[in-house]
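Chemist: Input file: model_6.pdb. Contents: PDB, C-alpha atoms.
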ATOM      1  CA  MET G   1       0.000   0.000   0.000
ATOM      2  CA  LEU G   2       1.284   3.421  -1.017
ATOM      3  CA  LYS G   3      -0.002   6.403   0.959
ATOM      4  CA  ILE G   4      -0.140   9.817  -0.692
ATOM      5  CA  LEU G   5      -0.767  13.196   0.910
ATOM      6  CA  ALA G   6      -3.006  15.148  -1.513
ATOM      7  CA  LEU G   7      -2.874  18.953  -1.278
ATOM      8  CA  HIS G   8      -5.508  21.044  -3.072
ATOM      9  CA  GLY G   9      -5.051  24.471  -4.636
ATOM     10  CA  TYR G  10      -6.133  27.936  -3.506
ATOM     11  CA  THR G  11      -9.957  28.131  -3.036
ATOM     12  CA  GLY G  12     -10.171  24.337  -3.105
ATOM     13  CA  ASN G  13     -10.498  21.776  -0.341
ATOM     14  CA  GLY G  14      -9.950  18.073   0.171
ATOM     15  CA  ALA G  15     -13.423  16.997  -0.966
ATOM     16  CA  LEU G  16     -13.219  19.054  -4.178
ATOM     17  CA  PHE G  17      -9.726  17.817  -4.948
ATOM     18  CA  ARG G  18     -10.901  14.238  -4.442
ATOM     19  CA  ARG G  19     -13.649  14.801  -7.000
ATOM     20  CA  LYS G  20     -11.298  16.408  -9.495
ATOM     21  CA  LEU G  21      -8.827  13.535  -9.200
ATOM     22  CA  SER G  22     -11.445  10.789  -8.977
ATOM     23  CA  ALA G  23     -10.513   9.243 -12.332
ATOM     24  CA  ILE G  24      -6.828   9.158 -11.392
ATOM     25  CA  ARG G  25      -7.630   7.774  -7.947
ATOM     26  CA  LYS G  26      -9.737   4.974  -9.438
ATOM     27  CA  GLN G  27      -7.065   4.179 -12.021
ATOM     28  CA  CYS G  28      -4.474   3.748  -9.269
ATOM     29  CA  GLY G  29      -6.579   1.024  -7.656
ATOM     30  CA  PRO G  30      -6.989  -0.095  -4.046
ATOM     31  CA  ASP G  31      -3.274  -0.399  -3.308
ATOM     32  CA  VAL G  32      -2.801   3.401  -3.526
ATOM     33  CA  GLU G  33      -4.412   5.435  -0.757
ATOM     34  CA  PHE G  34      -4.864   9.203  -0.997
ATOM     35  CA  TYR G  35      -5.398  11.389   2.056
ATOM     36  CA  TRP G  36      -7.348  14.473   0.942
ATOM     37  CA  ALA G  37      -6.151  17.173   3.318
ATOM     38  CA  ASP G  38      -8.020  20.429   3.981
ATOM     39  CA  GLY G  39      -6.068  23.679   4.092
ATOM     40  CA  PRO G  40      -6.493  25.211   7.576
ATOM     41  CA  MET G  41      -7.366  28.647   6.224
ATOM     42  CA  ILE G  42     -11.023  29.272   5.334
ATOM     43  CA  LEU G  43     -11.286  31.984   2.692
ATOM     44  CA  ALA G  44     -13.698  34.896   2.680
ATOM     45  CA  PRO G  45     -15.053  36.418  -0.555
ATOM     46  CA  THR G  46     -12.539  39.259  -0.226
ATOM     47  CA  ASP G  47      -9.712  36.699  -0.302
ATOM     48  CA  MET G  48     -10.898  35.527  -3.706
ATOM     49  CA  ALA G  49     -11.511  38.902  -5.352
ATOM     50  CA  GLY G  50      -9.929  38.863  -8.791
ATOM     51  CA  PHE G  51      -8.827  35.255  -8.443
ATOM     52  CA  GLN G  52      -9.310  33.161 -11.555
ATOM     53  CA  SER G  53     -10.919  29.828 -10.811
ATOM     54  CA  GLU G  54     -13.071  27.208 -12.519
ATOM     55  CA  THR G  55     -15.730  28.204  -9.978
ATOM     56  CA  THR G  56     -16.626  31.878  -9.552
ATOM     57  CA  THR G  57     -16.417  33.615  -6.190
ATOM     58  CA  ALA G  58     -20.210  33.973  -6.068
ATOM     59  CA  GLN G  59     -20.694  30.280  -6.788
ATOM     60  CA  LEU G  60     -18.186  29.303  -4.118
ATOM     61  CA  LYS G  61     -19.899  31.516  -1.537
ATOM     62  CA  LYS G  62     -23.339  30.084  -2.363
ATOM     63  CA  LEU G  63     -22.136  26.498  -2.444
ATOM     64  CA  SER G  64     -20.199  26.805   0.831
ATOM     65  CA  GLU G  65     -23.326  28.080   2.548
ATOM     66  CA  THR G  66     -25.320  25.006   1.531
ATOM     67  CA  ASP G  67     -22.576  22.370   1.439
ATOM     68  CA  PRO G  68     -19.728  22.485   4.002
ATOM     69  CA  GLU G  69     -17.619  20.354   1.660
ATOM     70  CA  MET G  70     -17.541  23.268  -0.777
ATOM     71  CA  THR G  71     -15.907  25.664   1.699
ATOM     72  CA  PRO G  72     -13.002  27.440  -0.085
ATOM     73  CA  ARG G  73      -9.706  26.923   1.720
ATOM     74  CA  ALA G  74      -6.011  27.668   1.345
ATOM     75  CA  TRP G  75      -2.608  26.782   2.754
ATOM     76  CA  TRP G  76      -1.796  30.490   3.141
ATOM     77  CA  ARG G  77      -2.880  33.958   2.116
ATOM     78  CA  ALA G  78      -0.476  36.261   0.290
ATOM     79  CA  ASN G  79      -0.095  39.962  -0.340
ATOM     80  CA  ASP G  80      -0.602  41.259  -3.885
ATOM     81  CA  ALA G  81       3.112  41.042  -4.649
ATOM     82  CA  LYS G  82       3.226  37.411  -3.396
ATOM     83  CA  THR G  83       6.193  38.324  -1.199
ATOM     84  CA  VAL G  84       4.498  37.824   2.178
ATOM     85  CA  TYR G  85       2.465  34.780   3.227
ATOM     86  CA  TRP G  86       0.148  34.469   6.220
ATOM     87  CA  GLY G  87      -0.829  31.091   7.621
ATOM     88  CA  THR G  88       2.086  28.892   6.637
ATOM     89  CA  GLU G  89       2.892  28.087  10.273
ATOM     90  CA  GLU G  90      -0.614  26.691  10.843
ATOM     91  CA  SER G  91      -0.396  24.652   7.647
ATOM     92  CA  VAL G  92       2.980  23.177   8.583
ATOM     93  CA  GLU G  93       1.654  22.218  12.024
ATOM     94  CA  TYR G  94      -1.359  20.554  10.428
ATOM     95  CA  ALA G  95       0.835  18.682   7.923
ATOM     96  CA  LYS G  96       3.074  17.503  10.750
ATOM     97  CA  ARG G  97       0.115  15.954  12.548
ATOM     98  CA  LEU G  98      -0.968  14.176   9.375
ATOM     99  CA  MET G  99       2.537  12.892   8.665
ATOM    100  CA  ILE G 100       2.945  11.558  12.200
ATOM    101  CA  GLU G 101      -0.345   9.688  11.915
ATOM    102  CA  HIS G 102      -0.123   8.376   8.350
ATOM    103  CA  GLN G 103       3.579   8.199   7.366
ATOM    104  CA  PHE G 104       3.075   9.072   3.700
ATOM    105  CA  ASP G 105       5.111   7.626   0.838
ATOM    106  CA  GLY G 106       4.545  10.607  -1.429
ATOM    107  CA  VAL G 107       2.845  13.944  -1.859
ATOM    108  CA  PHE G 108       0.630  15.131  -4.750
ATOM    109  CA  GLY G 109      -0.106  18.856  -4.880
ATOM    110  CA  PHE G 110      -1.925  21.179  -7.246
ATOM    111  CA  SER G 111      -1.164  24.907  -7.648
ATOM    112  CA  GLN G 112      -0.708  26.380  -4.157
ATOM    113  CA  GLY G 113      -0.862  22.798  -2.867
ATOM    114  CA  ALA G 114       2.042  21.936  -5.180
ATOM    115  CA  ALA G 115       4.030  24.863  -3.781
ATOM    116  CA  PHE G 116       3.305  23.595  -0.268
ATOM    117  CA  ALA G 117       4.250  20.061  -1.330
ATOM    118  CA  GLY G 118       7.609  21.365  -2.550
ATOM    119  CA  LEU G 119       8.160  23.084   0.788
ATOM    120  CA  LEU G 120       7.399  19.889   2.712
ATOM    121  CA  CYS G 121       9.818  17.899   0.541
ATOM    122  CA  ALA G 122      12.568  20.412   1.270
ATOM    123  CA  MET G 123      11.737  20.688   4.990
ATOM    124  CA  LEU G 124      11.893  16.915   5.492
ATOM    125  CA  GLU G 125      15.295  16.836   3.779
ATOM    126  CA  ARG G 126      16.686  19.920   5.574
ATOM    127  CA  PRO G 127      14.961  20.350   8.919
ATOM    128  CA  HIS G 128      17.828  22.485  10.211
ATOM    129  CA  LEU G 129      16.684  25.184   7.766
ATOM    130  CA  TYR G 130      13.123  25.087   9.109
ATOM    131  CA  PRO G 131      13.232  23.630  12.653
ATOM    132  CA  GLN G 132       9.469  24.077  13.052
ATOM    133  CA  ILE G 133       9.036  20.872  11.023
ATOM    134  CA  LEU G 134      10.533  18.886  13.916
ATOM    135  CA  VAL G 135       8.581  17.191  16.691
ATOM    136  CA  ASP G 136      10.600  16.866  19.899
ATOM    137  CA  GLY G 137      13.740  17.268  17.819
ATOM    138  CA  LYS G 138      12.799  14.542  15.328
ATOM    139  CA  LEU G 139      11.236  14.459  11.867
ATOM    140  CA  PRO G 140       7.507  13.664  11.772
ATOM    141  CA  GLN G 141       8.328  11.080   9.108
ATOM    142  CA  PRO G 142      11.167  10.220   6.688
ATOM    143  CA  PRO G 143      11.491  12.305   3.500
ATOM    144  CA  PHE G 144       8.924  11.467   0.829
ATOM    145  CA  LYS G 145       9.778   8.870  -1.794
ATOM    146  CA  PHE G 146       8.366  11.193  -4.459
ATOM    147  CA  GLY G 147       6.539  14.458  -5.062
ATOM    148  CA  ILE G 148       4.064  15.274  -7.843
ATOM    149  CA  PHE G 149       3.586  18.985  -8.516
ATOM    150  CA  ALA G 150       0.839  20.050 -10.951
ATOM    151  CA  GLY G 151       0.737  23.741 -11.867
ATOM    152  CA  GLY G 152       3.142  24.434  -9.016
ATOM    153  CA  PHE G 153       5.471  27.286  -8.158
ATOM    154  CA  LYS G 154       8.296  28.035  -5.745
ATOM    155  CA  PRO G 155       7.372  30.128  -2.684
ATOM    156  CA  VAL G 156       9.416  33.310  -2.562
ATOM    157  CA  PRO G 157       9.109  34.777   0.986
ATOM    158  CA  ALA G 158      12.554  34.607   2.574
ATOM    159  CA  PRO G 159      11.764  32.347   5.569
ATOM    160  CA  LEU G 160      10.296  29.729   3.221
ATOM    161  CA  ALA G 161      12.668  30.141   0.279
ATOM    162  CA  ALA G 162      15.527  29.467   2.706
ATOM    163  CA  VAL G 163      14.731  25.738   2.678
ATOM    164  CA  PHE G 164      15.860  25.670  -0.956
ATOM    165  CA  SER G 165      19.113  27.526  -0.238
ATOM    166  CA  GLU G 166      21.376  24.467   0.025
ATOM    167  CA  GLY G 167      20.921  23.333  -3.552
ATOM    168  CA  PRO G 168      18.263  21.272  -5.331
ATOM    169  CA  VAL G 169      15.851  19.045  -3.444
ATOM    170  CA  THR G 170      16.829  15.401  -3.949
ATOM    171  CA  THR G 171      13.358  13.845  -3.574
ATOM    172  CA  PRO G 172      12.298  12.528  -7.019
ATOM    173  CA  THR G 173       9.797  15.013  -8.435
ATOM    174  CA  LEU G 174       7.312  15.094 -11.286
ATOM    175  CA  HIS G 175       6.212  18.493 -12.584
ATOM    176  CA  VAL G 176       3.018  18.664 -14.661
ATOM    177  CA  ILE G 177       2.667  21.901 -16.624
ATOM    178  CA  GLY G 178      -0.200  23.210 -18.752
ATOM    179  CA  LYS G 179       1.009  24.817 -21.974
ATOM    180  CA  ASN G 180      -1.894  27.276 -21.765
ATOM    181  CA  ASP G 181      -1.765  27.929 -18.027
ATOM    182  CA  VAL G 182      -2.526  31.619 -17.482
ATOM    183  CA  ILE G 183      -2.746  31.407 -13.676
ATOM    184  CA  VAL G 184       0.695  30.016 -12.875
ATOM    185  CA  TYR G 185       2.872  31.134 -15.758
ATOM    186  CA  ALA G 186       5.748  29.003 -17.026
ATOM    187  CA  PRO G 187       8.531  31.119 -15.427
ATOM    188  CA  ARG G 188       6.992  30.585 -11.959
ATOM    189  CA  SER G 189       6.757  26.832 -12.495
ATOM    190  CA  GLN G 190      10.325  26.810 -13.804
ATOM    191  CA  MET G 191      11.573  28.215 -10.501
ATOM    192  CA  LEU G 192      10.207  25.156  -8.697
ATOM    193  CA  ILE G 193      11.583  22.839 -11.367
ATOM    194  CA  ASP G 194      15.024  24.418 -10.972
ATOM    195  CA  ALA G 195      14.846  23.858  -7.214
ATOM    196  CA  CYS G 196      14.693  20.088  -7.736
ATOM    197  CA  GLN G 197      17.435  17.665  -8.662
ATOM    198  CA  ASN G 198      16.812  15.798 -11.915
ATOM    199  CA  PRO G 199      13.119  16.769 -12.110
ATOM    200  CA  ARG G 200      10.840  15.055 -14.580
ATOM    201  CA  VAL G 201       8.685  17.533 -16.510
ATOM    202  CA  GLU G 202       5.561  16.602 -18.467
ATOM    203  CA  GLN G 203       3.366  19.063 -20.360
ATOM    204  CA  HIS G 204      -0.264  18.900 -21.392
ATOM    205  CA  ASP G 205      -2.080  21.078 -23.898
ATOM    206  CA  GLY G 206      -4.554  22.571 -21.420
ATOM    207  CA  GLY G 207      -4.502  25.236 -18.759
ATOM    208  CA  HIS G 208      -4.408  25.280 -14.964
ATOM    209  CA  PHE G 209      -5.660  21.832 -14.002
ATOM    210  CA  VAL G 210      -4.547  18.247 -13.418
ATOM    211  CA  PRO G 211      -5.010  16.320 -16.695
ATOM    212  CA  SER G 212      -7.048  13.130 -16.384
ATOM    213  CA  ALA G 213      -7.481  11.816 -19.914
ATOM    214  CA  ALA G 214      -6.742   8.105 -20.292
ATOM    215  CA  PRO G 215      -3.029   8.460 -21.178
ATOM    216  CA  TRP G 216      -2.515  10.690 -18.133
ATOM    217  CA  ARG G 217      -4.466   8.390 -15.806
ATOM    218  CA  ASN G 218      -2.280   5.486 -16.866
ATOM    219  CA  PHE G 219       0.840   7.591 -16.528
ATOM    220  CA  PHE G 220       0.054   8.787 -13.009
ATOM    221  CA  ARG G 221      -0.765   5.220 -11.967
ATOM    222  CA  ASP G 222       2.464   3.803 -13.374
ATOM    223  CA  TYR G 223       4.579   6.651 -12.038
ATOM    224  CA  ILE G 224       3.162   6.341  -8.526
ATOM    225  CA  LYS G 225       3.363   2.548  -8.444
ATOM    226  CA  SER G 226       6.984   2.638  -9.590
ATOM    227  CA  PHE G 227       7.807   3.710  -6.021
ATOM    228  CA  ASP G 228       6.278   0.590  -4.519
ATOM    229  CA  ALA G 229       8.915  -1.575  -2.856
ATOM    230  CA  ALA G 230       7.879  -4.498  -5.066
ATOM    231  CA  SER G 231       8.113  -2.548  -8.327
ATOM    232  CA  THR G 232      10.730  -3.534 -10.883
ATOM    233  CA  ILE G 233      10.197  -0.375 -12.954
ATOM    234  CA  SER G 234      12.017   2.913 -12.393
ATOM    235  CA  HIS G 235       9.973   6.104 -12.298
ATOM    236  CA  LYS G 236      12.353   7.443 -14.927
ATOM    237  CA  SER G 237      11.341   4.752 -17.424
ATOM    238  CA  VAL G 238       7.562   5.225 -17.214
ATOM    239  CA  PRO G 239       6.458   6.256 -20.743
ATOM    240  CA  SER G 240       5.389   9.858 -21.185
ATOM    241  CA  PRO G 241       1.623  10.435 -21.495
ATOM    242  CA  SER G 242       2.262  12.834 -24.356
ATOM    243  CA  ALA G 243       4.746  10.658 -26.268
ATOM    244  CA  PRO G 244       3.926  10.751 -29.994
ATOM    245  CA  ALA G 245       3.144   7.535 -31.764
ATOM    246  CA  ALA G 246       6.086   5.957 -33.502
ATOM    247  CA  ALA G 247       6.528   7.635 -36.861
ATOM    248  CA  GLU G 248       7.208   5.755 -40.047
ATOM    249  CA  ALA G 249      10.771   5.891 -41.293
ATOM    250  CA  PRO G 250      11.147   8.608 -43.958
ATOM    251  CA  ALA G 251      11.446   7.364 -47.521
ATOM    252  CA  LEU G 252      14.927   7.571 -48.984
ATOM    253  CA  THR G 253      15.289   9.846 -51.980
ATOM    254  CA  SER G 254      18.013   9.224 -54.476
ATOM    255  CA  VAL G 255      20.307  12.134 -55.247
ATOM    256  CA  LEU G 256      21.823  10.436 -58.256
TER     257      LEU G 256
END
Go through the file and emit its structure as structure tokens.
Modeler:
Amino acid sequence: MLKILALHGYTGNGALFRRKLSAIRKQCGPDVEFYWADGPMILAPTDMAGFQSETTTAQLKKLSETDPEMTPRAWWRANDAKTVYWGTEESVEYAKRLMIEHQFDGVFGFSQGAAFAGLLCAMLERPHLYPQILVDGKLPQPPFKFGIFAGGFKPVPAPLAAVFSEGPVTTPTLHVIGKNDVIVYAPRSQMLIDACQNPRVEQHDGGHFVPSAAPWRNFFRDYIKSFDAASTISHKSVPSPSAPAAAEAPALTSVL
């Protein structure tokens, strides 16, 4: 059994993320268990003003009033310049409790959740750079076996960026990027990619979402299961979901 900590994006929550990844979850089968965490911060309409989302602010407000599972949440709030975050300490404390209880094999994050996933990977590798990750002087769990970051970015506030200051993170990472993502632009995602050692990068033709078409479902399943202790396949050798079909050899043209 592989256990994965699943971290939703800004304005999302665990229940919504579970629905969005339902096809991937089902494809992975019963031997992969996702824990759909809820960001500790509950967002108000003012926190979502001007934020682009698949669900409008008005819809989120109405839905959250009638269905608690639709409550918009976050791992932190940020100023307009994205240079100051509020709430990261609470989110780290919450993640610590989950890690102590579940001992996850990997982490799968989307958007802000992917940024938080990258932070957790780095903190578990370098606790001396963020001692708050420790519990009675010890790690809450060993470093993750892998991290999957979809539409992610590297946090820039100094106290958090410091965990990346000793070179690339060594945890194997998969970065999923939308070619038409207009929420997290390519340069922001590249900063997180550059903070990882030997990252694997896969692109899809869409925007800011986790792709779930059949080739991607199979890819996520095979990539995740490659980290099972019984697997004989390396995560590096899992075929790309966007690999073109084998082309016919070009015809030879005589120059004589």
Chemist: I need the residue set behind the PyMOL selection byres ((chain G and resi 102) around 10) for this file; please write it as a CSV table (one decimal) with C-alpha atoms, in the frame of the given file.
Modeler:
chain,number,residue,atom,x,y,z
G,3,LYS,CA,0.0,6.4,1.0
G,4,ILE,CA,-0.1,9.8,-0.7
G,5,LEU,CA,-0.8,13.2,0.9
G,35,TYR,CA,-5.4,11.4,2.1
G,96,LYS,CA,3.1,17.5,10.8
G,97,ARG,CA,0.1,16.0,12.5
G,98,LEU,CA,-1.0,14.2,9.4
G,99,MET,CA,2.5,12.9,8.7
G,100,ILE,CA,2.9,11.6,12.2
G,101,GLU,CA,-0.3,9.7,11.9
G,103,GLN,CA,3.6,8.2,7.4
G,104,PHE,CA,3.1,9.1,3.7
G,105,ASP,CA,5.1,7.6,0.8
G,140,PRO,CA,7.5,13.7,11.8
G,141,GLN,CA,8.3,11.1,9.1
Chemist: I need the residue set behind the PyMOL selection byres ((chain G and resi 198-214) around 6) for this file; please write it as a ChimeraX atom specification.
Modeler: /G:173-181,196-197,215-217
Chemist: Could you please take those selected residues and save C-alpha atoms as a short mmCIF file (atom, residue, chain, number, x, y, z; two decimals), keeping the file's coordinate frame?
Modeler:
data_model
loop_
_atom_site.label_atom_id
_atom_site.label_comp_id
_atom_site.auth_asym_id
_atom_site.auth_seq_id
_atom_site.Cartn_x
_atom_site.Cartn_y
_atom_site.Cartn_z
CA THR G 173 9.80 15.01 -8.44
CA LEU G 174 7.31 15.09 -11.29
CA HIS G 175 6.21 18.49 -12.58
CA VAL G 176 3.02 18.66 -14.66
CA ILE G 177 2.67 21.90 -16.62
CA GLY G 178 -0.20 23.21 -18.75
CA LYS G 179 1.01 24.82 -21.97
CA ASN G 180 -1.89 27.28 -21.76
CA ASP G 181 -1.76 27.93 -18.03
CA CYS G 196 14.69 20.09 -7.74
CA GLN G 197 17.43 17.66 -8.66
CA PRO G 215 -3.03 8.46 -21.18
CA TRP G 216 -2.52 10.69 -18.13
CA ARG G 217 -4.47 8.39 -15.81
#
Chemist: Could the residues of range 71-184 of chain G that have an atom at most 12 Å from range 228-233 of chain G be listed as CSV, each with its closest atom pair and the distance in Å to one decimal, counting only C-alpha atoms and ordered by chain and ascending residue number?
Modeler:
residue,atom,partner,partner_atom,distance
G:Asp105,CA,G:Asp228,CA,8.9
G:Gly106,CA,G:Asp228,CA,10.6
G:Lys145,CA,G:Asp228,CA,9.4
G:Phe146,CA,G:Asp228,CA,10.8
Chemist: In Å to one decimal, how far is CA of Pro127 in chain G from CA of Pro143 in chain G?
Modeler: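 One can read the CA of Pro143 in chain G to CA of Pro127 in chain G distance as 10.3 Å.
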Chemist: Counting all atoms listed in the file, figure out which residue out of G:Ser242, G:Asn79, G:Gln190, G:Thr46 gets nearest to Phe149 in chain G.
Modeler: G:Gln190
Chemist: With all atoms listed in the file as the basis for distance, which of G:Ser91, G:Gln112, G:Val163, G:Asp31 is at the shortest distance from Glu125 in chain G?
Modeler: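 Looking at the shortest contact to Glu125 in chain G, the residue is G:Val163.
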Chemist: Please compute the CA of Tyr130 in chain G-CA of Pro157 in chain G distance, one decimal, in Å.
Modeler: 13.3 Å
Chemist: Can you measure CA of Leu16 in chain G to CA of Gly39 in chain G for me? One decimal in Å is fine.
Modeler: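 Rounded to one decimal, the two atoms are 11.9 Å apart.
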Chemist: Taking the file as I've supplied it (selection: the PyMOL selection byres ((chain G and resi 110) around 10)), which residues are included? Please answer as a PyMOL selection string.
Modeler: chain G and resi 6-10+12+17+108-109+111-117+148-153+176+208-210
Chemist: Identify which of the residues G:Lys20, G:Gly29, G:Met48, G:Ala81 lies closest to Leu2 in chain G, counting all atoms listed in the file when measuring atom-to-atom distances.
Modeler: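 For Leu2 in chain G, the nearest of the candidates is G:Gly29.
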Chemist: Identify, on the basis of all atoms listed in the file, every residue whose closest approach to Tyr223 in chain G does not exceed 9 Å; exclude the query and any residue fewer than 5 positions from it along the same chain; express the result as a list of chain:residue names.
Modeler: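 Counting all atoms listed in the file, the residues come to G:Leu174, G:Asn218, G:Ser234, G:His235, G:Lys236, G:Ser237, G:Val238, G:Pro239.
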Chemist: With distances taken over all atoms listed in the file, which of G:Ala95, G:Leu192, G:Val156, G:Ala37 is nearest to Arg18 in chain G?
Modeler: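 Among the listed residues, the smallest separation from Arg18 in chain G belongs to G:Ala37.
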Chemist: For Ala158 in chain G, which of G:Tyr94, G:Tyr85, G:Trp36, G:Phe220 is the closest residue, counting all atoms listed in the file?
Modeler: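 The shortest atom-to-atom distance to Ala158 in chain G comes from G:Tyr85.
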